[in-house]
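Structure data (compact mmCIF, C-alpha atoms) from query16.txt:
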# COMPACT_ATOMS: atom_id res chain seq x y z
CA MET A 22 0.00 0.00 0.00
CA THR A 23 1.47 3.34 -0.98
CA LEU A 24 1.91 6.26 1.39
CA VAL A 25 -0.80 8.18 -0.40
CA CYS A 26 -3.30 5.35 0.08
CA ARG A 27 -2.39 5.15 3.77
CA LEU A 28 -2.91 8.88 4.16
CA ALA A 29 -6.26 8.63 2.42
CA LEU A 30 -7.31 5.85 4.79
CA VAL A 31 -6.21 7.85 7.83
CA PHE A 32 -8.16 10.84 6.61
CA LEU A 33 -11.29 8.80 6.03
CA LEU A 34 -10.92 7.20 9.46
CA PHE A 35 -10.57 10.67 10.98
CA LEU A 36 -13.78 11.81 9.32
CA TRP A 37 -15.56 8.66 10.40
CA VAL A 38 -14.56 9.20 14.04
CA LEU A 39 -15.80 12.79 13.90
CA TRP A 40 -19.02 11.64 12.32
CA VAL A 41 -19.73 8.91 14.84
CA PHE A 42 -18.67 10.78 17.95
CA SER A 43 -19.98 14.17 17.00
CA PRO A 44 -21.78 15.37 20.13
CA ALA A 45 -24.40 17.49 18.46
CA PRO A 46 -25.75 16.51 15.09
CA ALA A 47 -27.85 19.35 13.74
CA LEU A 48 -31.04 19.12 11.82
CA ALA A 49 -30.11 19.87 8.25
CA GLN A 50 -32.58 22.40 6.91
CA GLU A 51 -31.65 22.58 3.29
CA ASN A 52 -33.54 22.72 0.10
CA PRO A 53 -33.58 19.39 -1.70
CA TYR A 54 -31.94 20.42 -4.97
CA PHE A 55 -29.24 18.28 -6.54
CA VAL A 56 -28.07 20.74 -9.19
CA ALA A 57 -29.48 24.18 -8.35
CA TYR A 58 -28.08 26.18 -5.45
CA ASP A 59 -29.96 28.58 -3.22
CA HIS A 60 -28.42 31.44 -1.23
CA TYR A 61 -28.18 29.63 2.09
CA LEU A 62 -24.67 28.76 3.15
CA GLU A 63 -23.42 26.27 5.70
CA GLU A 64 -23.51 27.57 9.27
CA PRO A 65 -20.06 28.76 10.44
CA GLY A 66 -17.94 25.97 11.91
CA ASN A 67 -20.28 23.19 10.77
CA LEU A 68 -19.27 20.36 8.48
CA GLU A 69 -21.79 18.61 6.30
CA ILE A 70 -20.81 15.19 4.97
CA GLU A 71 -22.85 14.11 2.00
CA TYR A 72 -23.08 11.16 -0.34
CA PHE A 73 -24.98 11.33 -3.62
CA SER A 74 -25.74 8.89 -6.42
CA THR A 75 -26.99 9.29 -9.95
CA PHE A 76 -28.25 6.34 -11.96
CA GLY A 77 -28.52 7.26 -15.64
CA THR A 78 -29.83 5.50 -18.70
CA GLN A 79 -27.68 5.55 -21.80
CA ARG A 80 -28.87 4.93 -25.35
CA GLY A 81 -26.34 3.08 -27.49
CA ALA A 82 -24.12 2.05 -24.60
CA ASN A 83 -24.26 0.86 -20.99
CA ASP A 84 -26.24 2.57 -18.23
CA PHE A 85 -24.18 4.05 -15.42
CA HIS A 86 -24.16 4.80 -11.71
CA ALA A 87 -22.17 7.90 -10.82
CA PHE A 88 -21.50 8.85 -7.20
CA TRP A 89 -19.80 11.57 -5.28
CA GLY A 90 -18.95 12.54 -1.71
CA GLU A 91 -19.10 16.10 -0.47
CA PHE A 92 -17.49 17.76 2.52
CA GLU A 93 -19.14 21.13 2.98
CA TYR A 94 -17.70 23.47 5.60
CA GLY A 95 -19.00 26.82 6.80
CA ALA A 96 -15.82 28.88 7.01
CA THR A 97 -17.77 32.01 7.93
CA ALA A 98 -21.39 33.12 7.72
CA TRP A 99 -20.62 34.52 4.25
CA TRP A 100 -18.26 31.85 2.88
CA THR A 101 -18.83 28.14 2.42
CA THR A 102 -16.13 25.90 1.02
CA GLU A 103 -16.81 22.43 -0.31
CA PHE A 104 -14.72 19.51 -1.49
CA TYR A 105 -15.99 16.73 -3.77
CA LEU A 106 -14.68 13.32 -4.71
CA ASP A 107 -16.31 11.83 -7.83
CA GLY A 108 -16.52 8.31 -9.24
CA GLN A 109 -18.68 6.18 -11.46
CA THR A 110 -19.56 2.66 -12.46
CA THR A 111 -20.51 1.99 -16.05
CA PHE A 112 -22.31 -1.34 -16.17
CA ASN A 113 -20.47 -4.06 -18.09
CA ASP A 114 -17.42 -1.79 -18.12
CA SER A 115 -15.65 -0.68 -14.92
CA THR A 116 -15.71 1.40 -11.74
CA ILE A 117 -13.31 4.32 -11.62
CA PHE A 118 -12.40 7.41 -9.63
CA THR A 119 -13.05 10.38 -11.90
CA GLY A 120 -11.67 13.38 -10.06
CA PHE A 121 -12.24 16.06 -7.46
CA ARG A 122 -13.74 19.51 -7.21
CA TRP A 123 -13.17 22.41 -4.86
CA GLU A 124 -16.05 24.79 -4.64
CA ASN A 125 -16.52 28.10 -2.82
CA ARG A 126 -19.65 30.16 -2.38
CA PHE A 127 -19.66 33.76 -1.19
CA ARG A 128 -22.64 35.67 0.06
CA VAL A 129 -22.46 39.17 -1.38
CA LEU A 130 -24.95 41.17 0.68
CA LYS A 131 -25.03 41.50 4.45
CA ARG A 132 -28.78 41.32 4.84
CA GLU A 133 -31.67 39.42 3.37
CA HIS A 134 -33.27 40.94 0.27
CA PHE A 135 -35.98 39.95 -2.16
CA ILE A 136 -33.25 38.60 -4.47
CA ASN A 137 -30.08 37.39 -2.79
CA PRO A 138 -26.95 37.00 -4.90
CA VAL A 139 -24.24 34.47 -4.14
CA LEU A 140 -21.02 34.10 -6.11
CA TYR A 141 -19.74 30.61 -6.82
CA VAL A 142 -16.21 29.67 -7.84
CA GLU A 143 -15.16 26.08 -8.48
CA TYR A 144 -12.04 24.33 -9.65
CA GLU A 145 -12.49 20.88 -11.19
CA ASN A 146 -9.74 18.34 -11.76
CA LYS A 147 -11.41 15.38 -13.42
CA ASN A 148 -11.13 13.01 -16.32
CA GLY A 149 -13.38 12.58 -19.31
CA ALA A 150 -15.24 9.66 -17.72
CA ASP A 151 -16.89 11.88 -15.11
CA LYS A 152 -20.65 11.27 -15.22
CA ILE A 153 -22.09 12.85 -12.10
CA LEU A 154 -23.99 15.45 -14.18
CA LYS A 155 -23.77 17.97 -11.38
CA GLU A 156 -24.52 20.74 -13.84
CA GLY A 157 -25.58 21.23 -17.44
CA GLU A 158 -23.06 23.19 -19.47
CA GLY A 159 -22.08 24.00 -23.02
CA HIS A 160 -22.94 21.38 -25.62
CA ASP A 161 -22.77 18.40 -23.23
CA VAL A 162 -25.04 15.72 -24.66
CA GLU A 163 -25.86 12.07 -24.01
CA SER A 164 -23.65 10.79 -26.83
CA ASP A 165 -20.57 12.14 -25.00
CA PHE A 166 -20.87 9.09 -22.73
CA LEU A 167 -20.67 6.49 -25.52
CA VAL A 168 -16.92 6.16 -25.03
CA SER A 169 -15.65 3.37 -22.77
CA ASN A 170 -14.15 4.25 -19.38
CA ALA A 171 -10.70 3.10 -20.46
CA VAL A 172 -10.66 5.65 -23.27
CA ALA A 173 -12.55 8.46 -21.56
CA ARG A 174 -10.37 8.49 -18.45
CA LYS A 175 -7.29 9.37 -20.53
CA ASP A 176 -8.77 12.81 -21.12
CA HIS A 177 -7.78 15.10 -18.22
CA ILE A 178 -9.88 18.18 -17.60
CA HIS A 179 -8.90 21.17 -15.52
CA GLU A 180 -11.86 23.49 -15.39
CA VAL A 181 -12.89 26.66 -13.63
CA GLU A 182 -16.57 27.20 -13.14
CA LEU A 183 -18.29 30.42 -12.11
CA LYS A 184 -21.92 30.81 -11.12
CA LEU A 185 -24.16 33.65 -10.19
CA ILE A 186 -26.82 32.35 -7.84
CA LEU A 187 -29.92 34.50 -7.44
CA SER A 188 -32.29 33.16 -4.84
CA SER A 189 -35.48 34.41 -3.18
CA THR A 190 -37.73 33.19 -0.42
CA PHE A 191 -41.37 34.16 -0.54
CA LYS A 192 -44.19 32.79 1.62
CA GLY A 193 -42.27 29.62 2.38
CA TRP A 194 -41.24 29.05 -1.23
CA ASN A 195 -37.65 29.20 -2.38
CA PHE A 196 -37.03 30.27 -5.96
CA THR A 197 -33.53 30.13 -7.33
CA GLU A 198 -31.86 30.86 -10.65
CA ASN A 199 -28.25 29.91 -11.36
CA THR A 200 -26.28 31.11 -14.36
CA LEU A 201 -23.10 29.19 -15.10
CA ALA A 202 -19.95 29.96 -17.07
CA ALA A 203 -17.25 27.28 -17.25
CA LYS A 204 -13.80 27.37 -18.82
CA ASN A 205 -11.71 24.34 -19.56
CA LEU A 206 -8.20 25.63 -18.91
CA SER A 207 -6.80 23.81 -21.94
CA ASN A 208 -7.69 26.45 -24.49
CA SER A 209 -11.42 25.69 -24.85
CA PRO A 210 -14.11 28.35 -25.15
CA TRP A 211 -16.24 29.48 -22.25
CA GLU A 212 -19.33 27.29 -21.88
CA PHE A 213 -22.62 28.33 -20.38
CA GLY A 214 -25.50 26.73 -18.54
CA TYR A 215 -28.38 27.35 -16.22
CA ALA A 216 -30.32 25.79 -13.36
CA LEU A 217 -33.69 26.82 -11.96
CA GLY A 218 -35.35 25.57 -8.81
CA ALA A 219 -38.44 26.02 -6.68
CA SER A 220 -39.20 24.28 -3.41
CA ARG A 221 -41.32 24.54 -0.28
CA PRO A 222 -41.65 22.63 3.01
CA LEU A 223 -44.89 20.65 3.21
CA ALA A 224 -45.76 22.60 6.39
CA LEU A 225 -44.47 26.00 7.45
CA LYS A 226 -45.14 25.79 11.20
CA ALA A 227 -43.09 23.46 13.36
CA ALA A 228 -44.87 20.88 15.48
CA ALA A 229 -44.77 21.27 19.25
CA LYS A 230 -43.39 17.75 19.67
CA ARG A 231 -40.38 15.93 18.32
CA CYS A 232 -41.37 13.90 15.31
CA THR A 233 -39.80 12.15 12.39
CA PHE A 234 -42.71 12.14 9.98
CA CYS A 235 -44.04 15.67 10.62
CA ARG A 236 -44.86 17.49 7.41
CA GLN A 237 -42.39 20.30 8.16
CA ASN A 238 -39.55 17.77 7.87
CA PHE A 239 -40.32 17.22 4.18
CA ILE A 240 -39.45 19.68 1.43
CA GLY A 241 -40.74 19.18 -2.08
CA GLY A 242 -39.91 21.00 -5.26
CA VAL A 243 -38.68 20.84 -8.80
CA GLU A 244 -35.51 21.83 -10.63
CA MET A 245 -34.63 22.29 -14.28
CA TYR A 246 -31.14 22.56 -15.72
CA GLY A 247 -29.23 22.39 -18.96
CA GLY A 248 -26.59 23.83 -21.23
CA LEU A 249 -26.60 27.07 -23.18
CA GLY A 250 -23.82 26.41 -25.64
CA ASP A 251 -20.47 28.12 -25.66
CA ARG A 252 -18.90 31.41 -26.63
CA HIS A 253 -18.82 30.52 -30.33
CA SER A 254 -22.31 29.02 -30.52
CA PHE A 255 -24.48 30.32 -27.74
CA GLY A 256 -28.03 28.97 -27.59
CA LEU A 257 -30.10 25.85 -27.12
CA HIS A 258 -29.05 23.84 -30.17
CA ASP A 259 -27.07 20.67 -29.41
CA THR A 260 -27.63 21.02 -25.69
CA SER A 261 -29.27 18.78 -23.11
CA HIS A 262 -31.95 19.76 -20.60
CA TYR A 263 -33.57 18.05 -17.64
CA LEU A 264 -36.63 18.48 -15.46
CA ALA A 265 -36.55 16.82 -12.05
CA PRO A 266 -38.97 16.78 -9.14
CA VAL A 267 -37.07 16.77 -5.84
CA LEU A 268 -37.99 15.65 -2.35
CA GLY A 269 -35.98 16.11 0.84
CA TRP A 270 -36.58 14.59 4.27
CA ASN A 271 -34.82 16.18 7.25
CA LEU A 272 -34.74 13.72 10.13
CA PRO A 273 -34.49 14.99 13.71
CA SER A 274 -31.52 12.65 14.25
CA GLY A 275 -29.38 14.91 12.08
CA TRP A 276 -29.62 12.86 8.91
CA ALA A 277 -31.25 14.15 5.75
CA LEU A 278 -32.31 12.19 2.69
CA ARG A 279 -32.99 13.42 -0.81
CA ILE A 280 -34.42 11.79 -3.89
CA SER A 281 -35.06 13.05 -7.40
CA PRO A 282 -36.17 11.34 -10.61
CA GLY A 283 -35.00 13.41 -13.57
CA PHE A 284 -36.29 13.36 -17.12
CA GLY A 285 -34.49 14.41 -20.26
CA LEU A 286 -36.37 17.07 -22.20
CA ASN A 287 -34.87 16.53 -25.64
CA ASP A 288 -33.12 13.90 -27.74
CA ASN A 289 -29.70 15.08 -26.61
CA SER A 290 -30.49 14.32 -22.97
CA HIS A 291 -30.33 11.07 -21.05
CA GLN A 292 -33.89 9.80 -20.93
CA PHE A 293 -33.92 9.16 -17.20
CA LEU A 294 -31.74 10.06 -14.22
CA MET A 295 -32.46 8.75 -10.75
CA ARG A 296 -30.68 10.65 -8.01
CA TRP A 297 -30.58 10.10 -4.29
CA GLY A 298 -28.41 11.25 -1.44
CA VAL A 299 -27.81 11.16 2.27
CA THR A 300 -26.44 13.99 4.39
CA ARG A 301 -25.28 14.44 7.93
CA GLU A 302 -24.30 17.72 9.49
CA ILE A 303 -21.72 17.93 12.26
CA THR A 304 -22.00 21.05 14.34
CA GLY A 305 -18.91 22.63 15.81
CA PHE A 306 -16.47 20.82 13.50
CA GLY A 307 -14.19 23.85 13.34
CA SER A 308 -14.02 24.02 17.13
CA MET A 309 -13.31 20.29 17.37
CA VAL A 310 -10.40 20.59 14.96
CA SER A 311 -9.22 23.67 16.78
CA ARG A 312 -9.18 21.76 20.07
CA LEU A 313 -7.10 19.01 18.48
CA PHE A 314 -4.46 21.64 17.86
CA GLY A 315 -4.57 23.23 21.27
CA GLY A 316 -7.47 25.64 20.99
CA ARG A 317 -10.17 26.18 23.62
CA LYS A 318 -11.25 23.02 25.46
CA MET C 12 -2.01 8.58 -7.83
CA LYS C 13 -1.54 12.23 -8.73
CA PRO C 14 -5.23 13.14 -8.43
CA ILE C 15 -5.41 11.47 -5.02
CA ALA C 16 -2.33 13.32 -3.84
CA THR C 17 -3.83 16.58 -5.03
CA ALA C 18 -7.12 15.70 -3.37
CA LEU C 19 -5.34 15.06 -0.09
CA SER C 20 -3.55 18.38 -0.40
CA VAL C 21 -6.88 20.12 -0.75
CA CYS C 22 -8.20 18.22 2.29
CA ALA C 23 -5.20 19.39 4.26
CA SER C 24 -5.89 22.96 3.13
CA LEU C 25 -9.48 22.68 4.30
CA LEU C 26 -8.29 21.35 7.62
CA ALA C 27 -5.92 24.29 7.95
CA VAL C 28 -8.75 26.72 7.20
CA SER C 29 -10.81 25.06 9.93
CA VAL C 30 -8.00 25.40 12.41
CA VAL C 31 -7.29 29.01 11.58
CA LEU C 32 -10.95 29.98 11.77
CA GLY C 33 -11.44 27.96 14.93
CA HIS C 34 -8.57 29.80 16.59
CA SER C 35 -9.72 33.18 15.33
CA GLY C 36 -13.09 32.51 16.97
CA ASN C 37 -11.34 31.82 20.27
CA SER C 38 -9.28 34.93 20.42
CA ASP C 39 -11.00 36.30 23.51
CA LYS C 40 -9.10 33.75 25.72
CA LEU C 41 -12.04 32.97 27.98
CA PRO C 42 -11.86 29.98 30.33
CA ALA C 43 -13.63 26.80 29.37
CA ALA C 44 -17.43 26.84 29.45
CA ALA C 45 -17.50 30.44 30.59
CA ALA C 46 -20.21 32.77 29.35
CA PRO C 47 -18.96 35.65 27.21
CA LYS C 48 -18.24 39.01 28.72
CA TYR C 49 -21.19 41.34 28.67
CA ASP C 50 -20.58 43.56 25.68
CA PRO C 51 -23.32 46.03 24.74
CA VAL C 52 -21.76 46.43 21.29
CA ILE C 53 -22.82 42.90 20.41
CA TYR C 54 -26.43 43.80 21.05
CA ALA C 55 -26.24 47.02 19.06
CA GLU C 56 -27.34 45.07 16.00
CA LEU C 57 -30.84 45.03 17.46
CA GLN C 58 -30.94 48.79 17.14
CA LYS C 59 -30.43 48.53 13.39
CA ALA C 60 -33.84 47.00 12.79
CA PRO C 61 -35.95 49.32 10.62
CA GLU C 62 -39.02 50.87 12.24
CA LYS C 63 -41.40 48.91 10.02
CA ALA C 64 -39.78 45.61 10.99
CA ARG C 65 -39.81 46.48 14.71
CA ASN C 66 -43.50 47.14 14.72
CA ARG C 67 -44.52 43.86 13.14
CA PRO C 68 -46.62 41.97 15.65
CA ASN C 69 -46.01 38.27 16.22
CA PRO C 70 -48.87 36.48 14.42
CA LEU C 71 -48.37 33.52 16.75
CA GLU C 72 -48.59 35.60 19.92
CA ASN C 73 -51.66 33.67 21.05
CA ASP C 74 -50.68 30.28 19.65
CA PRO C 75 -50.52 27.92 22.65
CA ASP C 76 -48.02 25.61 20.91
CA ALA C 77 -45.62 28.29 19.70
CA VAL C 78 -43.30 28.26 22.74
CA ALA C 79 -42.97 24.47 22.77
CA ALA C 80 -42.33 24.37 19.03
CA GLY C 81 -39.87 27.25 19.36
CA ALA C 82 -37.99 25.37 22.08
CA ILE C 83 -37.43 22.42 19.75
CA LEU C 84 -36.33 24.73 16.93
CA PHE C 85 -33.98 26.55 19.29
CA GLU C 86 -32.38 23.30 20.39
CA ARG C 87 -31.84 22.21 16.79
CA HIS C 88 -30.64 25.42 15.24
CA CYS C 89 -29.51 27.90 17.91
CA ALA C 90 -28.30 26.07 21.02
CA GLU C 91 -24.96 25.10 19.48
CA CYS C 92 -23.85 28.75 19.55
CA HIS C 93 -26.14 30.48 22.06
CA GLY C 94 -26.10 27.66 24.62
CA LYS C 95 -28.79 25.17 25.61
CA SER C 96 -30.49 27.69 27.87
CA ALA C 97 -29.64 30.67 25.66
CA GLU C 98 -27.10 31.73 28.27
CA GLY C 99 -24.45 32.45 25.63
CA THR C 100 -21.16 30.77 24.84
CA HIS C 101 -17.82 31.90 23.47
CA LYS C 102 -19.41 31.69 20.00
CA ALA C 103 -22.52 33.81 20.47
CA PRO C 104 -24.04 36.13 23.08
CA SER C 105 -26.62 35.41 25.74
CA LEU C 106 -30.24 35.93 24.81
CA LEU C 107 -31.29 36.35 28.45
CA VAL C 108 -30.00 39.90 28.81
CA PRO C 109 -32.41 42.86 28.97
CA GLU C 110 -31.34 44.11 25.54
CA VAL C 111 -32.81 40.99 23.97
CA GLN C 112 -35.67 40.37 26.34
CA SER C 113 -36.94 43.94 26.10
CA ALA C 114 -36.71 43.98 22.31
CA LYS C 115 -39.94 43.92 20.40
CA PRO C 116 -40.89 40.61 18.74
CA GLY C 117 -40.54 42.28 15.35
CA THR C 118 -36.96 43.28 16.16
CA LEU C 119 -35.97 39.73 17.08
CA PHE C 120 -37.72 38.37 14.00
CA TRP C 121 -35.79 40.84 11.84
CA LEU C 122 -32.47 39.84 13.39
CA ILE C 123 -33.15 36.11 13.00
CA THR C 124 -34.18 36.66 9.39
CA ASN C 125 -31.16 38.77 8.41
CA GLY C 126 -28.51 37.39 10.71
CA VAL C 127 -25.35 39.33 11.42
CA VAL C 128 -23.33 37.83 8.63
CA ARG C 129 -20.11 39.73 9.30
CA LYS C 130 -20.19 38.59 12.93
CA LYS C 131 -20.83 34.87 12.33
CA MET C 132 -24.60 34.90 12.85
CA PRO C 133 -26.05 33.21 9.76
CA VAL C 134 -29.16 34.26 7.89
CA TRP C 135 -32.08 32.16 9.14
CA SER C 136 -34.63 32.98 6.49
CA LYS C 137 -34.21 29.37 5.42
CA LEU C 138 -36.62 28.62 8.27
CA PRO C 139 -40.17 29.41 7.14
CA GLU C 140 -41.64 32.59 8.60
CA PRO C 141 -43.95 30.85 11.12
CA GLN C 142 -40.97 28.93 12.53
CA ARG C 143 -39.03 32.17 13.02
CA TRP C 144 -42.00 33.61 14.90
CA GLN C 145 -42.12 30.43 17.01
CA LEU C 146 -38.46 31.00 17.85
CA VAL C 147 -39.24 34.57 18.86
CA ARG C 148 -41.99 33.35 21.18
CA TYR C 149 -39.59 30.90 22.81
CA ILE C 150 -36.79 33.44 23.22
CA LYS C 151 -39.19 35.97 24.76
CA SER C 152 -40.52 33.28 27.10
CA LEU C 153 -37.05 32.94 28.65
CA GLY C 154 -37.04 36.44 30.01
CA GLY C 155 -39.72 36.26 32.67
CA SER C 156 -40.19 39.77 33.97
CA ALA C 157 -37.97 41.67 31.56
CA PRO C 158 -39.19 45.18 30.83
CA ALA C 159 -41.36 45.50 27.75
CA ALA C 160 -39.99 48.82 26.53
CA GLU C 161 -37.39 49.16 23.80
CA SER C 162 -35.16 52.11 23.11
CA PRO C 163 -36.04 53.92 19.90
CA ALA C 164 -34.08 53.40 16.74
CA PRO C 165 -31.18 55.82 16.30
CA THR C 166 -31.82 58.48 13.72
CA PRO C 167 -29.32 58.37 10.89
Rewrite the coordinates I just gave you, this time as structure tokens.
Amino acid sequence: MTLVCRLALVFLLFLWVLWVFSPAPALAQENPYFVAYDHYLEEPGNLEIEYFSTFGTQRGANDFHAFWGEFEYGATAWWTTEFYLDGQTTFNDSTIFTGFRWENRFRVLKREHFINPVLYVEYENKNGADKILKEGEGHDVESDFLVSNAVARKDHIHEVELKLILSSTFKGWNFTENTLAAKNLSNSPWEFGYALGASRPLALKAAAKRCTFCRQNFIGGVEMYGGLGDRHSFGLHDTSHYLAPVLGWNLPSGWALRISPGFGLNDNSHQFLMRWGVTREITGFGSMVSRLFGGRK
Amino acid sequence: MKPIATALSVCASLLAVSVVLGHSGNSDKLPAAAAPKYDPVIYAELQKAPEKARNRPNPLENDPDAVAAGAILFERHCAECHGKSAEGTHKAPSLLVPEVQSAKPGTLFWLITNGVVRKKMPVWSKLPEPQRWQLVRYIKSLGGSAPAAESPAPTP
């Protein structure tokens, strides 16, 4: 076993210990989107550990199951930083690690407004076999995935992605609109995309007793996302688009579950995407780490 | 192995950020489990609530379940920083002091909604409006006989 593998195991063990022995799991209270972002950031000092899956159908080749882990940390009340590890299994082909992403979101305004802007900056280091479909961009279409993993993974992609997130909350509803611009650093044109979302808890008032199945613990909604071409050919031609109902369930134990069946809206899109995910928030992660290094007990 | 090595480097960076921010939050050097020093400046944010927001009445003022529901919400979302009994911790101030307890419900609702983002208090508009009013009912219920008056907003 190489040193790097040992370090990776130690790191995962460290996270597992924090997860299991975390004294105060918090009730995640997040909108259930998989692709769209709203303007709510992680609470300062909290770490959210998330696992997500996407099963996708593929015409002309094998279906796939893509998966990713997220570590989302609230650095401050106006800055959330997030680290992703991506992988995928293509049936009758192979299972491979496809890369990592480092994402940062910055709240621009101090107070709450009718429309709340958040700036998003992400660096992606992945290979061409990445299939998590975390966003729709450029001219990405279903036929891009016809290539086998062995061939696709040889293509290395370093990409910077910028988003402007505009999100509003009105009478319990969240409405969000994300505009995306992505640049492959290897001399490719800027690519564009969008994501829209709307969601609402099934009940707005909290119950006066602790409950798992109370309506306020469930959030339902819908999201739509897709590509908008690139700098040389902006528009909807040769782009893929998806519409996906979303449902989130925030359990009082600190766990949250999400599920979303997605449907391709044109012939360039995968016909069906089934997404699901599980989340656990650890409060006071920053303080715990600080104590490990001699901070306040 | 290069991607994994890079990934681990990023993890290490994140860890470093956590440590730095954790230490910066502890810069007041208070002893363990001590409540924060009483600092009126912390509560000055309440004075920034606009007049219209201050005068909003709590629509759940007469809801018999609001305090109990607010207590559960407080435990889930607020106790980590403000303490289980809202007594304050090194992360966030006490909510039992007269500045908070004498504030109008509309003022507290405004502060919960907007947060104090530059001072680590997140925006809580992610909680639906009725839940924020339930939180206000609970916080006000902690004060017992606190005076009902509130100083007027400073004129700009």
How big is the axis-aligned box around all listed atoms of segment 122-137 of chain C once 3 Å goes on each side, and where's its centre, in Å to one decimal, as AutoDock Vina command-line options?
--center_x -27.4 --center_y 34.6 --center_z 9.4 --size_x 20.5 --size_y 16.5 --size_z 14.0
One decimal, Å: what's the distance from atom CA of Asn195 of chain A over to atom CA of Phe73 of chain A, could you say?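 Distance reported for this atom pair: 21.9 Å.
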Kindly provide, as a list of chain:residue names, the polymer residues lying within 10 Å of (-36.0, 44.6, 18.6), counting all atoms listed in the file and using the coordinates exactly as they appear in the file.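 Here is the list of nearby residues: C:Tyr54, C:Glu56, C:Leu57, C:Gln58, C:Lys59, C:Ala60, C:Pro61, C:Glu62, C:Ala64, C:Arg65, C:Asn66, C:Glu110, C:Val111, C:Gln112, C:Ser113, C:Ala114, C:Lys115, C:Pro116, C:Gly117, C:Thr118, C:Leu119, C:Phe120, C:Trp121, C:Leu122, C:Ala160, C:Glu161, C:Ser162, C:Pro163, C:Ala164.
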For chain A versus chain C, which residues have an atom no more than 6 Å away, and what is each residue's nearest atom pair and distance in Å rounded to one decimal, using all atoms listed in the file, chain-then-number order, as a tab-separated table?
residue	atom	partner	partner_atom	distance
A:Ala47	CA	C:Arg87	CA	5.8
A:Leu48	CA	C:Arg87	CA	5.9
A:Ala98	CA	C:Lys131	CA	5.0
A:Lys131	CA	C:Val128	CA	5.8
A:Arg132	CA	C:Asn125	CA	5.0
A:Glu133	CA	C:Asn125	CA	5.1
A:Gly193	CA	C:Pro139	CA	5.2
A:Leu225	CA	C:Pro139	CA	5.5
A:Lys226	CA	C:Pro141	CA	5.2
A:Ala227	CA	C:Ala80	CA	5.8
A:Ala228	CA	C:Ala80	CA	5.6
A:Ala229	CA	C:Ala80	CA	4.0
A:Gly307	CA	C:Ser29	CA	5.0
A:Ser308	CA	C:Gly33	CA	5.2
A:Val310	CA	C:Val30	CA	5.9
A:Ser311	CA	C:Val30	CA	4.9
A:Lys318	CA	C:Ala43	CA	5.9
Which residue of A:Phe118, A:Phe76, A:Phe85, A:Tyr141 approaches Leu62 of chain A most closely, using all atoms listed in the file: A:Tyr141
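The spacing separating atom CA of Asn125 of chain A from atom CA of Gly248 of chain A amounts to 21.4 Å.
Separating atom CA of Asn271 of chain A from atom CA of Gln237 of chain A is a distance of 8.7 Å.
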Could you pull the residues within 7 Å of Trp297 of chain A, counting only C-alpha atoms, minus those fewer than 6 positions along the same chain, as JSON, numbers by chain? {"A": [73, 74, 75, 279, 280, 281]}
For the residues selected in the previous step, produce a file with C-alpha atoms as a tab-separated table (two decimals), keeping the file's coordinate frame.
chain	number	residue	atom	x	y	z
A	73	PHE	CA	-24.98	11.33	-3.62
A	74	SER	CA	-25.74	8.89	-6.42
A	75	THR	CA	-26.99	9.29	-9.95
A	279	ARG	CA	-32.99	13.42	-0.81
A	280	ILE	CA	-34.42	11.79	-3.89
A	281	SER	CA	-35.06	13.05	-7.40
Shell of 12 Å around Ala150 of chain A, only C-alpha atoms, local chain residues under 3 positions omitted, as number ranges by chain: A: 85-87, 107-111, 114-120, 146-147, 153-154, 165-178
Within 6 Å of (-26.1, 23.8, -27.8), in the coordinates the file gives, what residues turn up when you count all atoms listed in the file, written out as a PyMOL selection string? chain A and resi 160+249-250+256-260
For segment 205-213 of chain A, list every protein, DNA or RNA residue within 6 Å, evaluated using all atoms listed in the file, and leave out those in the same chain fewer than 4 positions away; present the list as a list in words.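 Within the cut-off, the hits are Glu158, Gly159, His179, Glu180, Leu201, Leu249, Gly250, Asp251 and Arg252 of chain A.
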Quick one: everything within 9 Å of Leu130 of chain A, counting all atoms listed in the file, minus sequence neighbours fewer than 5 positions away in the same chain. Send it as an MDAnalysis selection string. (chainID A and resid 99 137:139) or (chainID C and resid 128)
